[in-house]
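Have a look at the structure below before the remarks.
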Amino acid sequence: MNQSTCPNCGGDLQPEFKYCAGCGQSAQVHRLDLHHIMHDMMHAVLHADKGIIHLTKAMLLAPGIVAREYVGGKRKKYFNPFSYLVITVAISAFLTAYFHLMQADVQSPNPVSAMVTRHINLIFFVAVPISSFFTWLLFKRSGYNFAENLTFHAFLGGLRIVFFVLIFTPMVVFFREHYYTGLMVYMGIWAAFTAWAYYQFYGGRLTGAILKSFLALFLTQLTISVLLLAIVKFFVFI
């Protein structure tokens, strides 16, 4: 349907315009139907240039470079990192609840694992600003501000859930008797991958990036663990 004005921002549209010069919206706006919605959903997931699968593949190959390019201004090239985080967290929350992934013993879960299962989505979300704060302090010489650190960790947070789904989930589902061994394998692989991502994103010496990445991971995990224990004790004694 041809428009003389943009329905999004009200700007003038010429017949030859494919997109609005003011906001970039398509000049061809059609009434919403199920076909249109399904097309948009598939486009977001499978788009060859900036869909979720494209971003995940790029992050697996060069996580720090992807984040550095996005922070540096290449925003059109990649799927939005915060949308990526929200979508992957939703997937992890479903899998965690369905398969009881945070419980080594399903028959007798402890209060902490029960709370983690109920609020795994919040934990993944909260980990992003906490990690961002510590890397902002540890890598201040890199010149990235807190918002840029936050963007980097939104990318990493989304990809961490991919690791969670592909590595940790099958280990728990098929080998729950080796729960803690699987947990250590997952955390070890993720820690090594994170160190590589930090080195690509922040630069500097490799040894320094590795040590700081491990310190940031430790401080983040420690902070989250303390918060969880405090919340559990509060609700137990309230």
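Naming works like this for the structure tokens: A, B, ... for the chains as they're shown, residue 1 at the start of each chain, ligands 1 onward in shown order.
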
Check your understanding: So which residues touch region 163-177 of chain A within 8 Å, counting only C-alpha atoms, skipping near sequence neighbours fewer than 4 positions away, as a list in words?
Key ->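 Here the qualifying residues turn out to be Ser92, Leu95, Phe99, Leu101, Ala104, Leu159, Gly182, Leu183, Tyr186 and Trp190 of chain A.
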
Residues within 10 Å of Leu150 (chain A), only C-alpha atoms, excluding chain neighbours under 5 positions, as an mmCIF file with N, CA, C and O atoms, in the first residue's frame:
data_model
loop_
_atom_site.group_PDB
_atom_site.id
_atom_site.type_symbol
_atom_site.label_atom_id
_atom_site.label_comp_id
_atom_site.auth_asym_id
_atom_site.auth_seq_id
_atom_site.Cartn_x
_atom_site.Cartn_y
_atom_site.Cartn_z
ATOM 1 N N PRO A 81 21.991 -6.944 20.749
ATOM 2 C CA PRO A 81 22.477 -7.828 21.831
ATOM 3 C C PRO A 81 21.504 -7.963 22.992
ATOM 4 O O PRO A 81 21.432 -9.021 23.622
ATOM 5 N N PHE A 82 20.743 -6.907 23.290
ATOM 6 C CA PHE A 82 19.819 -6.980 24.417
ATOM 7 C C PHE A 82 18.584 -7.804 24.067
ATOM 8 O O PHE A 82 18.058 -8.530 24.922
ATOM 9 N N VAL A 128 24.653 -9.721 34.046
ATOM 10 C CA VAL A 128 25.184 -8.838 33.001
ATOM 11 C C VAL A 128 25.682 -7.508 33.566
ATOM 12 O O VAL A 128 26.843 -7.137 33.341
ATOM 13 N N PRO A 129 24.879 -6.743 34.313
ATOM 14 C CA PRO A 129 25.412 -5.490 34.874
ATOM 15 C C PRO A 129 26.491 -5.705 35.926
ATOM 16 O O PRO A 129 27.405 -4.886 36.059
ATOM 17 N N ILE A 130 26.411 -6.819 36.677
ATOM 18 C CA ILE A 130 27.449 -7.100 37.678
ATOM 19 C C ILE A 130 28.784 -7.349 36.983
ATOM 20 O O ILE A 130 29.825 -6.777 37.360
ATOM 21 N N SER A 131 28.781 -8.197 35.962
ATOM 22 C CA SER A 131 30.011 -8.459 35.197
ATOM 23 C C SER A 131 30.517 -7.185 34.536
ATOM 24 O O SER A 131 31.726 -6.928 34.495
ATOM 25 N N SER A 132 29.593 -6.381 34.036
ATOM 26 C CA SER A 132 29.968 -5.129 33.373
ATOM 27 C C SER A 132 30.673 -4.183 34.330
ATOM 28 O O SER A 132 31.644 -3.510 33.957
ATOM 29 N N PHE A 133 30.188 -4.139 35.549
ATOM 30 C CA PHE A 133 30.807 -3.262 36.550
ATOM 31 C C PHE A 133 32.246 -3.692 36.831
ATOM 32 O O PHE A 133 33.160 -2.853 36.871
ATOM 33 N N THR A 135 34.304 -5.564 34.944
ATOM 34 C CA THR A 135 35.203 -5.375 33.799
ATOM 35 C C THR A 135 35.457 -3.888 33.535
ATOM 36 O O THR A 135 36.529 -3.521 33.061
ATOM 37 N N TRP A 136 34.465 -3.052 33.825
ATOM 38 C CA TRP A 136 34.675 -1.607 33.701
ATOM 39 C C TRP A 136 35.800 -1.160 34.628
ATOM 40 O O TRP A 136 36.629 -0.321 34.260
ATOM 41 N N TYR A 144 36.674 1.866 27.358
ATOM 42 C CA TYR A 144 35.241 1.603 27.218
ATOM 43 C C TYR A 144 34.495 2.084 28.459
ATOM 44 O O TYR A 144 34.924 1.833 29.593
ATOM 45 N N ASN A 145 33.373 2.770 28.245
ATOM 46 C CA ASN A 145 32.569 3.209 29.384
ATOM 47 C C ASN A 145 31.676 2.064 29.869
ATOM 48 O O ASN A 145 31.675 0.960 29.303
ATOM 49 N N PHE A 155 26.000 -9.357 24.814
ATOM 50 C CA PHE A 155 26.397 -10.338 23.797
ATOM 51 C C PHE A 155 26.848 -11.639 24.458
ATOM 52 O O PHE A 155 26.389 -12.726 24.104
ATOM 53 N N LEU A 156 27.764 -11.517 25.426
ATOM 54 C CA LEU A 156 28.307 -12.699 26.089
ATOM 55 C C LEU A 156 27.244 -13.443 26.882
ATOM 56 O O LEU A 156 27.236 -14.672 26.927
ATOM 57 N N GLY A 157 26.340 -12.674 27.526
ATOM 58 C CA GLY A 157 25.283 -13.300 28.309
ATOM 59 C C GLY A 157 24.371 -14.150 27.447
ATOM 60 O O GLY A 157 23.981 -15.265 27.830
#

Practice item. Using CA of His54 (chain A) and CA of Ile189 (chain A) as the two end points, give the distance in Å to one decimal. Key: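 Distance between the two atoms: 21.8 Å.
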
Check your understanding: Excluding same-chain residues fewer than 6 positions from Gly158 (chain A), what lies within 7 Å of it counting only C-alpha atoms, as number ranges by chain?
Key -> A: 84-85, 88

Practice item. Rank A:Tyr70, A:Ala90, A:Tyr180, A:Ala127 by their smallest atom-to-atom distance to Met102 (chain A), using only C-alpha atoms, and report the top residue only. Key: A:Tyr180

**Study point:** Separation of CA of Trp196 (chain A) from CA of Val226 (chain A), in Å and rounded to one decimal
**Key:**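 CA of Trp196 (chain A) sits 27.1 Å away from CA of Val226 (chain A).
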
Point to revise | Who sits within 9 Å of Thr5 (chain A), only C-alpha atoms, same chain under 3 positions skipped, as a PyMOL selection string | key: chain A and resi 8-14+20+27

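The interatomic distance for the pair CA of Ser113 (chain A) and CA of Thr181 (chain A) works out to 16.7 Å.
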
Check your understanding: Which one is closest to Ser4 (chain A): A:Val71, A:Arg118, A:Phe17, A:Leu55? Count only C-alpha atoms.
Key ->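 Counting only C-alpha atoms, the residue closest to Ser4 (chain A) is A:Phe17.
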
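With only C-alpha atoms as the atoms that count, the residue of A:Ala197, A:Ala154, A:Ile123, A:Leu206 with the shortest distance to Gln221 (chain A) is A:Ile123.
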